[in-house]
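To be precise, the following lines are coords.cif, and they hold mmCIF, C-alpha atoms.
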data_upload
loop_
_atom_site.label_atom_id
_atom_site.label_comp_id
_atom_site.auth_asym_id
_atom_site.auth_seq_id
_atom_site.Cartn_x
_atom_site.Cartn_y
_atom_site.Cartn_z
CA ASN A 207 32.62 -2.19 -92.37
CA ALA A 208 31.10 1.05 -91.02
CA GLY A 209 34.01 3.37 -91.97
CA VAL A 210 32.97 6.98 -91.33
CA THR A 211 29.44 7.51 -90.04
CA GLN A 212 27.76 10.91 -90.07
CA THR A 213 24.46 11.84 -88.45
CA PRO A 214 22.00 13.28 -89.20
CA LYS A 215 21.70 12.98 -92.99
CA PHE A 216 19.42 16.02 -93.25
CA GLN A 217 18.76 18.96 -90.92
CA VAL A 218 16.77 22.18 -91.15
CA LEU A 219 17.55 24.95 -88.68
CA LYS A 220 16.23 28.42 -88.08
CA THR A 221 18.70 31.30 -87.91
CA GLY A 222 20.24 31.47 -84.46
CA GLN A 223 19.64 27.85 -83.50
CA SER A 224 22.49 25.59 -82.49
CA MET A 225 23.22 22.00 -83.35
CA THR A 226 25.94 19.37 -83.43
CA LEU A 227 26.84 17.28 -86.46
CA GLN A 228 28.14 13.89 -85.36
CA CYS A 229 31.01 12.00 -86.94
CA ALA A 230 32.44 8.65 -85.89
CA GLN A 231 35.06 6.40 -87.49
CA ASP A 232 36.05 2.84 -86.66
CA MET A 233 39.37 2.66 -88.55
CA ASN A 234 41.53 3.96 -85.67
CA HIS A 235 42.63 6.94 -87.78
CA GLU A 236 44.38 9.72 -85.90
CA TYR A 237 43.47 12.34 -88.53
CA MET A 238 39.90 13.58 -88.86
CA SER A 239 38.49 16.62 -90.63
CA TRP A 240 35.33 18.50 -91.52
CA TYR A 241 34.62 19.97 -94.97
CA ARG A 242 31.74 21.91 -96.41
CA GLN A 243 30.76 21.50 -100.04
CA ASP A 244 29.05 24.28 -101.96
CA PRO A 245 28.28 24.37 -105.71
CA GLY A 246 31.27 25.44 -107.78
CA MET A 247 33.57 25.67 -104.76
CA GLY A 248 34.73 22.12 -104.24
CA LEU A 249 35.41 21.05 -100.66
CA ARG A 250 36.59 23.63 -98.16
CA LEU A 251 38.27 22.59 -94.91
CA ILE A 252 36.57 23.84 -91.74
CA HIS A 253 38.52 22.20 -88.90
CA TYR A 254 40.79 19.22 -88.54
CA SER A 255 42.38 17.10 -85.84
CA VAL A 256 45.60 15.08 -85.86
CA GLY A 257 44.74 13.16 -82.70
CA ALA A 258 42.64 13.13 -79.54
CA GLY A 259 42.88 16.45 -77.73
CA ILE A 260 44.33 18.29 -80.76
CA THR A 261 42.31 20.44 -83.16
CA ASP A 262 43.19 23.18 -85.61
CA GLN A 263 41.47 25.58 -87.96
CA GLY A 264 41.10 25.05 -91.66
CA GLU A 265 40.20 27.46 -94.42
CA VAL A 266 36.70 28.47 -93.24
CA PRO A 267 36.49 27.97 -89.42
CA ASN A 268 34.31 30.94 -88.44
CA GLY A 269 30.97 29.95 -86.91
CA TYR A 270 32.05 26.39 -86.15
CA ASN A 271 33.58 24.68 -83.12
CA VAL A 272 35.07 21.21 -82.78
CA SER A 273 36.50 19.00 -80.08
CA ARG A 274 38.27 15.63 -80.14
CA SER A 275 37.96 13.80 -76.85
CA THR A 276 38.36 10.32 -78.37
CA THR A 277 40.07 8.91 -81.45
CA GLU A 278 36.72 7.74 -82.82
CA ASP A 279 34.57 10.88 -82.58
CA PHE A 280 34.88 14.37 -84.03
CA PRO A 281 31.67 16.42 -83.63
CA LEU A 282 31.13 19.76 -85.37
CA ARG A 283 29.11 22.40 -83.50
CA LEU A 284 27.22 25.34 -84.93
CA LEU A 285 26.58 27.68 -82.02
CA SER A 286 24.29 30.16 -83.82
CA ALA A 287 23.32 29.03 -87.30
CA ALA A 288 23.27 31.51 -90.18
CA PRO A 289 21.85 31.12 -93.72
CA SER A 290 25.44 31.27 -95.05
CA GLN A 291 26.02 27.93 -93.32
CA THR A 292 23.52 26.21 -95.59
CA SER A 293 25.68 23.54 -97.20
CA VAL A 294 26.55 19.85 -97.34
CA TYR A 295 28.99 18.88 -94.62
CA PHE A 296 31.43 15.98 -94.93
CA CYS A 297 33.53 14.38 -92.26
CA ALA A 298 36.66 12.52 -93.33
CA SER A 299 39.38 10.50 -91.67
CA SER A 300 42.78 9.32 -92.81
CA TYR A 301 45.78 7.34 -91.62
CA GLU A 302 48.41 9.88 -92.76
CA PRO A 303 47.06 12.43 -95.26
CA ASP A 304 50.36 14.14 -96.00
CA LEU A 305 51.94 10.88 -97.09
CA GLY A 306 49.17 10.40 -99.61
CA SER A 307 46.90 8.18 -97.52
CA PRO A 308 43.32 8.49 -98.78
CA LEU A 309 40.64 10.47 -97.04
CA HIS A 310 37.68 8.26 -96.10
CA PHE A 311 34.50 10.32 -96.25
CA GLY A 312 31.13 9.90 -94.64
CA ASN A 313 27.99 10.29 -96.72
CA GLY A 314 27.42 13.87 -95.65
CA THR A 315 24.90 15.97 -93.74
CA ARG A 316 22.73 18.32 -95.81
CA LEU A 317 22.03 21.39 -93.67
CA THR A 318 19.53 24.13 -94.50
CA VAL A 319 19.36 27.29 -92.40
CA THR A 320 16.26 29.44 -92.92
CA THR B 266 45.85 29.80 -99.27
CA GLN B 267 46.96 27.43 -102.00
CA LEU B 268 44.59 27.27 -104.93
CA LEU B 269 43.91 24.34 -107.19
CA GLU B 270 42.23 25.42 -110.41
CA GLN B 271 40.26 22.59 -111.95
CA SER B 272 38.90 22.71 -115.48
CA PRO B 273 36.51 22.37 -117.09
CA GLN B 274 33.81 22.85 -114.48
CA PHE B 275 31.22 21.00 -116.59
CA LEU B 276 31.68 18.36 -119.27
CA SER B 277 28.83 16.75 -121.22
CA ILE B 278 29.86 14.13 -123.77
CA GLN B 279 28.57 11.11 -125.66
CA GLU B 280 29.45 7.55 -124.77
CA GLY B 281 32.69 6.49 -126.43
CA GLU B 282 34.31 9.93 -126.48
CA ASN B 283 37.58 10.75 -124.76
CA LEU B 284 38.04 13.56 -122.24
CA THR B 285 40.67 15.23 -120.10
CA VAL B 286 40.24 17.10 -116.82
CA TYR B 287 42.97 19.45 -115.65
CA CYS B 288 44.11 20.50 -112.19
CA ASN B 289 46.59 23.39 -112.00
CA SER B 290 48.28 25.33 -109.22
CA SER B 291 51.14 27.72 -108.58
CA SER B 292 52.01 25.68 -105.48
CA VAL B 293 54.10 22.54 -105.30
CA PHE B 294 52.37 19.54 -103.74
CA SER B 295 54.00 16.45 -102.28
CA SER B 296 51.02 14.37 -103.38
CA LEU B 297 47.96 14.80 -105.51
CA GLN B 298 44.82 12.74 -105.26
CA TRP B 299 41.82 12.31 -107.53
CA TYR B 300 38.40 11.53 -106.10
CA ARG B 301 35.05 10.67 -107.68
CA GLN B 302 31.78 11.55 -106.01
CA GLU B 303 28.27 10.34 -106.79
CA PRO B 304 25.09 12.15 -105.68
CA GLY B 305 24.26 11.66 -102.01
CA GLU B 306 27.61 10.11 -101.20
CA GLY B 307 31.04 11.23 -100.08
CA PRO B 308 34.02 11.36 -102.45
CA VAL B 309 35.91 8.11 -103.03
CA LEU B 310 39.62 7.99 -103.83
CA LEU B 311 40.58 6.98 -107.38
CA VAL B 312 44.34 7.42 -107.25
CA THR B 313 47.25 9.12 -105.50
CA VAL B 314 50.32 10.37 -107.39
CA VAL B 315 53.44 11.45 -105.51
CA THR B 316 56.34 11.64 -107.98
CA GLY B 317 56.83 14.40 -110.54
CA GLY B 318 56.11 13.03 -114.03
CA GLU B 319 54.32 9.98 -112.63
CA VAL B 320 51.65 8.34 -114.78
CA LYS B 321 49.14 5.89 -113.32
CA LYS B 322 46.51 3.93 -115.19
CA LEU B 323 43.29 2.58 -113.78
CA LYS B 324 41.51 0.70 -116.60
CA ARG B 325 40.31 3.49 -118.94
CA LEU B 326 41.51 6.26 -116.64
CA THR B 327 45.02 7.73 -116.93
CA PHE B 328 46.37 10.10 -114.29
CA GLN B 329 49.48 12.23 -114.70
CA PHE B 330 51.39 14.35 -112.19
CA GLY B 331 53.34 17.24 -113.70
CA ASP B 332 57.13 17.23 -113.58
CA ALA B 333 57.13 20.22 -111.21
CA ARG B 334 54.36 18.67 -109.06
CA LYS B 335 52.13 21.73 -109.60
CA ASP B 336 49.59 20.23 -111.97
CA SER B 337 47.81 17.01 -112.81
CA SER B 338 45.45 15.62 -115.40
CA LEU B 339 42.86 12.88 -115.61
CA HIS B 340 42.19 11.37 -119.03
CA ILE B 341 39.28 9.01 -119.65
CA THR B 342 39.27 6.91 -122.81
CA ALA B 343 36.00 5.77 -124.36
CA ALA B 344 33.81 7.24 -121.63
CA GLN B 345 30.81 5.25 -120.43
CA PRO B 346 27.61 6.39 -118.70
CA GLY B 347 28.93 4.80 -115.51
CA ASP B 348 31.74 7.39 -115.49
CA THR B 349 29.17 10.12 -114.80
CA GLY B 350 29.92 11.95 -111.56
CA LEU B 351 31.85 14.75 -109.88
CA TYR B 352 35.63 14.48 -110.16
CA LEU B 353 37.79 16.28 -107.61
CA CYS B 354 41.52 16.78 -107.37
CA ALA B 355 43.19 17.40 -104.01
CA GLY B 356 46.75 18.46 -103.27
CA GLY B 357 48.57 17.71 -100.05
CA GLY B 358 51.84 18.24 -98.25
CA THR B 359 52.15 22.02 -98.28
CA SER B 360 50.73 22.40 -94.77
CA TYR B 361 50.24 19.39 -92.52
CA GLY B 362 46.69 18.14 -92.46
CA LYS B 363 45.40 20.67 -94.96
CA LEU B 364 44.49 19.10 -98.26
CA THR B 365 43.46 21.63 -100.90
CA PHE B 366 40.60 20.63 -103.20
CA GLY B 367 39.85 21.88 -106.67
CA GLN B 368 36.36 23.15 -107.51
CA GLY B 369 35.40 19.89 -109.18
CA THR B 370 34.36 18.78 -112.67
CA ILE B 371 30.83 17.53 -113.23
CA LEU B 372 31.00 14.89 -115.95
CA THR B 373 27.89 13.64 -117.72
CA VAL B 374 28.24 10.82 -120.24
CA HIS B 375 25.16 10.32 -122.41
CA PRO B 376 24.36 6.84 -123.78
#
Represent the supplied structure as structure tokens.
Amino acid sequence: NAGVTQTPKFQVLKTGQSMTLQCAQDMNHEYMSWYRQDPGMGLRLIHYSVGAGITDQGEVPNGYNVSRSTTEDFPLRLLSAAPSQTSVYFCASSYEPDLGSPLHFGNGTRLTVT
Amino acid sequence: TQLLEQSPQFLSIQEGENLTVYCNSSSVFSSLQWYRQEPGEGPVLLVTVVTGGEVKKLKRLTFQFGDARKDSSLHITAAQPGDTGLYLCAGGGTSYGKLTFGQGTILTVHP
């Protein structure tokens, strides 16, 4: 039972570098999302997708891009990393979040931007 | 932006004590979920409440959804060290696909 798999677990970037955080789920969920978690601020939604080919912005989308070419994968791209993007990033998927279906989270990617 | 105010932010208690965590908002939610997160892992769902006034029990944990569906509480009876973790509430249904999370409560239960 893989569930939601995130890679890498840890990453250090220099300001201005780019990278892609990978997320894959094997539960055939249409809904996938990316959150960042910072101390004292809970989880903040970056981008989400309700199905392949469909993405939308969350609460804090600036500096991040996403695409959804398949149901299984939802990568998050940082085009030019900034120190303010130092955070723990979580990918989550769900069957139908607005009907109360649970979010299934990956184990996170801890990103440090120097 | 809908806000979910969660309190307290930190809670440090002795084993056997009772505690309550609150989640309040000015917005009405169609569902409210509680998650627990341990270090190095993603949050895991504890419960979902969808009806105003609903009470759900999960062993020593009692969850309540307010009558107006704007607030919720989590009560733990006789806390144990294994209850230590970050507790998060999340409200849904106000805007499709956008769950709103509270800031979290870090609970530490000392043996």
Neighbouring residues of Gln279 in chain B were defined as those with any atom within 6 Å, considering all atoms listed in the file; residues of the same chain fewer than 3 positions away were excluded. Please report them as a list in words.
Glu282, Val374 and His375 of chain B
Kindly provide, as number ranges by chain, the polymer residues lying within 10 Å of (31.7, 17.0, -124.1), counting only C-alpha atoms and using the coordinates exactly as they appear in the file.
B: 275-280, 282-285, 372-375
Taking only C-alpha atoms into account, what are the residues of chain A at most 12 Å from chain B, put as number ranges by chain?
A: 209-212, 215-216, 236-257, 260-266, 294-316
Give the padded box for range 284-303 of chain B as JSON: axis-aligned, covering all atoms listed in the file, 3 Å on each side, centre and edge lengths in Å to one decimal.
{"center_x": 41.2, "center_y": 19.0, "center_z": -112.3, "size_x": 31.8, "size_y": 23.4, "size_z": 26.0}
Shortest interatomic distance to Tyr287 in chain B - which of B:Thr342, B:Thr349, B:Thr316, B:Ser337, counting only C-alpha atoms
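Closest candidate: B:Ser337.
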Please expand the PyMOL selection byres ((chain A and resi 218) around 9) into the concrete residues it hits in this file, giving the result as a list in words.
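Checking the PyMOL selection byres ((chain A and resi 218) around 9) against this file, the residues are Phe216, Gln217, Leu219, Lys220, Arg316, Leu317, Thr318, Val319 and Thr320 of chain A.
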Write range 290-316 of chain A as a tab-separated table (two decimals), in the coordinates of the input, completed to N, CA, C and O atoms.
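Contents of result12.tsv, as written:
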chain	number	residue	atom	x	y	z
A	290	SER	N	24.19	31.53	-94.31
A	290	SER	CA	25.44	31.27	-95.05
A	290	SER	C	26.03	29.90	-94.74
A	290	SER	O	26.94	29.44	-95.43
A	291	GLN	N	25.52	29.26	-93.69
A	291	GLN	CA	26.02	27.93	-93.32
A	291	GLN	C	25.20	26.82	-93.96
A	291	GLN	O	25.46	25.63	-93.74
A	292	THR	N	24.23	27.19	-94.79
A	292	THR	CA	23.52	26.21	-95.59
A	292	THR	C	24.52	25.56	-96.54
A	292	THR	O	25.17	26.24	-97.33
A	293	SER	N	24.65	24.23	-96.43
A	293	SER	CA	25.68	23.54	-97.20
A	293	SER	C	25.54	22.03	-96.97
A	293	SER	O	24.69	21.58	-96.21
A	294	VAL	N	26.41	21.28	-97.64
A	294	VAL	CA	26.55	19.85	-97.34
A	294	VAL	C	27.87	19.68	-96.60
A	294	VAL	O	28.92	20.15	-97.08
A	295	TYR	N	27.82	19.03	-95.47
A	295	TYR	CA	28.99	18.88	-94.62
A	295	TYR	C	29.50	17.44	-94.67
A	295	TYR	O	28.73	16.50	-94.52
A	296	PHE	N	30.81	17.30	-94.88
A	296	PHE	CA	31.43	15.98	-94.93
A	296	PHE	C	32.50	15.87	-93.86
A	296	PHE	O	33.33	16.76	-93.69
A	297	CYS	N	32.48	14.75	-93.18
A	297	CYS	CA	33.53	14.38	-92.26
A	297	CYS	C	34.42	13.37	-92.95
A	297	CYS	O	33.94	12.54	-93.74
A	298	ALA	N	35.72	13.45	-92.70
A	298	ALA	CA	36.66	12.52	-93.33
A	298	ALA	C	37.74	12.14	-92.35
A	298	ALA	O	38.11	12.92	-91.47
A	299	SER	N	38.26	10.93	-92.50
A	299	SER	CA	39.38	10.50	-91.67
A	299	SER	C	40.46	9.90	-92.56
A	299	SER	O	40.20	9.52	-93.71
A	300	SER	N	41.66	9.84	-92.02
A	300	SER	CA	42.78	9.32	-92.81
A	300	SER	C	43.85	8.79	-91.88
A	300	SER	O	43.98	9.25	-90.74
A	301	TYR	N	44.65	7.86	-92.39
A	301	TYR	CA	45.78	7.34	-91.62
A	301	TYR	C	46.90	8.39	-91.56
A	301	TYR	O	47.36	8.75	-90.49
A	302	GLU	N	47.31	8.91	-92.71
A	302	GLU	CA	48.41	9.88	-92.76
A	302	GLU	C	48.24	10.68	-94.05
A	302	GLU	O	48.86	10.38	-95.07
A	303	PRO	N	47.42	11.75	-94.01
A	303	PRO	CA	47.06	12.43	-95.26
A	303	PRO	C	48.24	13.03	-96.01
A	303	PRO	O	48.24	13.09	-97.23
A	304	ASP	N	49.26	13.48	-95.30
A	304	ASP	CA	50.36	14.14	-96.00
A	304	ASP	C	51.33	13.15	-96.64
A	304	ASP	O	52.22	13.56	-97.38
A	305	LEU	N	51.16	11.89	-96.38
A	305	LEU	CA	51.94	10.88	-97.09
A	305	LEU	C	51.13	10.27	-98.22
A	305	LEU	O	51.54	9.26	-98.79
A	306	GLY	N	49.98	10.89	-98.51
A	306	GLY	CA	49.17	10.40	-99.61
A	306	GLY	C	48.13	9.38	-99.23
A	306	GLY	O	47.48	8.81	-100.12
A	307	SER	N	47.95	9.11	-97.93
A	307	SER	CA	46.90	8.18	-97.52
A	307	SER	C	45.54	8.77	-97.89
A	307	SER	O	45.34	9.98	-97.77
A	308	PRO	N	44.61	7.95	-98.34
A	308	PRO	CA	43.32	8.49	-98.78
A	308	PRO	C	42.50	9.04	-97.63
A	308	PRO	O	42.62	8.59	-96.49
A	309	LEU	N	41.68	10.02	-97.96
A	309	LEU	CA	40.64	10.47	-97.04
A	309	LEU	C	39.44	9.54	-97.21
A	309	LEU	O	39.03	9.25	-98.34
A	310	HIS	N	38.90	9.07	-96.08
A	310	HIS	CA	37.68	8.26	-96.10
A	310	HIS	C	36.55	9.17	-95.64
A	310	HIS	O	36.58	9.69	-94.52
A	311	PHE	N	35.59	9.38	-96.52
A	311	PHE	CA	34.50	10.32	-96.25
A	311	PHE	C	33.25	9.60	-95.77
A	311	PHE	O	32.95	8.47	-96.19
A	312	GLY	N	32.49	10.32	-94.93
A	312	GLY	CA	31.13	9.90	-94.64
A	312	GLY	C	30.22	10.29	-95.80
A	312	GLY	O	30.67	10.86	-96.80
A	313	ASN	N	28.94	10.00	-95.65
A	313	ASN	CA	27.99	10.29	-96.72
A	313	ASN	C	27.38	11.68	-96.63
A	313	ASN	O	26.50	12.02	-97.42
A	314	GLY	N	27.81	12.47	-95.67
A	314	GLY	CA	27.42	13.87	-95.65
A	314	GLY	C	26.17	14.17	-94.83
A	314	GLY	O	25.32	13.29	-94.60
A	315	THR	N	26.09	15.43	-94.39
A	315	THR	CA	24.90	15.97	-93.74
A	315	THR	C	24.47	17.19	-94.53
A	315	THR	O	25.26	18.13	-94.70
A	316	ARG	N	23.25	17.17	-95.05
A	316	ARG	CA	22.73	18.32	-95.81
A	316	ARG	C	22.01	19.23	-94.85
A	316	ARG	O	20.97	18.87	-94.29
